[in-house]
Amino acid sequence: METRNTQNQQDETVCIQTTIGDLIEAITDIALQAGKTEEEGYRLASFTIEKLLRDKRRKDIMEA
């Protein structure tokens with residue numbers, strides 16, 4: 001795990017080196033534990049993964 005320090009503590013970024021498959025598996029496992037039903041767990045996982053990808057795409061566009 002890599003921590004990037006910035007000017008103030010709120011902007012600190014933590015980078016984790018992993019594969020997309022491992023990341024999706026971890027998100028799904030956590031979401032299934034948090035959901036009241038299996039369907040709700042998968043829905044939570046889906047929303048989380050979509051948000052991560054959307055935020056990454058938005059960041060990439062802003063940097064271009």
# chains A, B, ... in the order shown; residues from 1 in each chain; ligands from 1

call {"tool": "select_by_dssp", "arguments": {"residues": "chain A", "states": "strand (DSSP E or B)", "output": "MDAnalysis selection string"}}
result
chainID A and resid 2:4 13:15

call {"tool": "write_last_selection", "arguments": {"atoms": "N, CA and C atoms", "output": "mmCIF file, in the first residue's frame"}}
result
data_model
loop_
_atom_site.group_PDB
_atom_site.id
_atom_site.type_symbol
_atom_site.label_atom_id
_atom_site.label_comp_id
_atom_site.auth_asym_id
_atom_site.auth_seq_id
_atom_site.Cartn_x
_atom_site.Cartn_y
_atom_site.Cartn_z
ATOM 1 N N GLU A 2 0.529 2.200 -0.768
ATOM 2 C CA GLU A 2 1.307 3.422 -0.911
ATOM 3 C C GLU A 2 0.469 4.606 -0.442
ATOM 4 N N THR A 3 1.065 5.460 0.381
ATOM 5 C CA THR A 3 0.374 6.663 0.840
ATOM 6 C C THR A 3 1.043 7.863 0.225
ATOM 7 N N ARG A 4 0.251 8.730 -0.381
ATOM 8 C CA ARG A 4 0.780 9.962 -0.962
ATOM 9 C C ARG A 4 0.392 11.118 -0.060
ATOM 10 N N THR A 13 -3.971 10.545 -0.109
ATOM 11 C CA THR A 13 -4.471 9.494 -0.974
ATOM 12 C C THR A 13 -3.742 8.199 -0.658
ATOM 13 N N VAL A 14 -4.493 7.111 -0.570
ATOM 14 C CA VAL A 14 -3.904 5.798 -0.354
ATOM 15 C C VAL A 14 -4.108 4.989 -1.623
ATOM 16 N N CYS A 15 -3.029 4.448 -2.165
ATOM 17 C CA CYS A 15 -3.094 3.632 -3.381
ATOM 18 C C CYS A 15 -2.835 2.178 -3.007
#

call {"tool": "select_by_dssp", "arguments": {"residues": "chain A", "states": "helix (DSSP H, G or I)", "output": "PyMOL selection string"}}
result
chain A and resi 9-11+20-34+38-63

call {"tool": "closest_residue", "arguments": {"among": "A:Glu39, A:Leu52, A:Ala45, A:Arg57", "to": "Ile27 in chain A", "atoms": "only C-alpha atoms"}}
result
A:Ala45

call {"tool": "atom_distance", "arguments": {"atom1": "CA of Leu23 in chain A", "atom2": "CA of Thr48 in chain A"}}
result
11.0 Å

call {"tool": "residues_around", "arguments": {"residues": "Ile49 in chain A", "least_positions_apart": "6", "cutoff": "12 Å", "atoms": "only C-alpha atoms", "output": "list in words"}}
result
Ile20, Gly21, Leu23, Ile24, Glu25, Ala26, Ile27, Thr28, Ala31, Tyr42, Arg43, Asp55 and Lys56 of chain A

call {"tool": "atom_distance", "arguments": {"atom1": "CA of Lys36 in chain A", "atom2": "CA of Thr18 in chain A"}}
result
28.1 Å
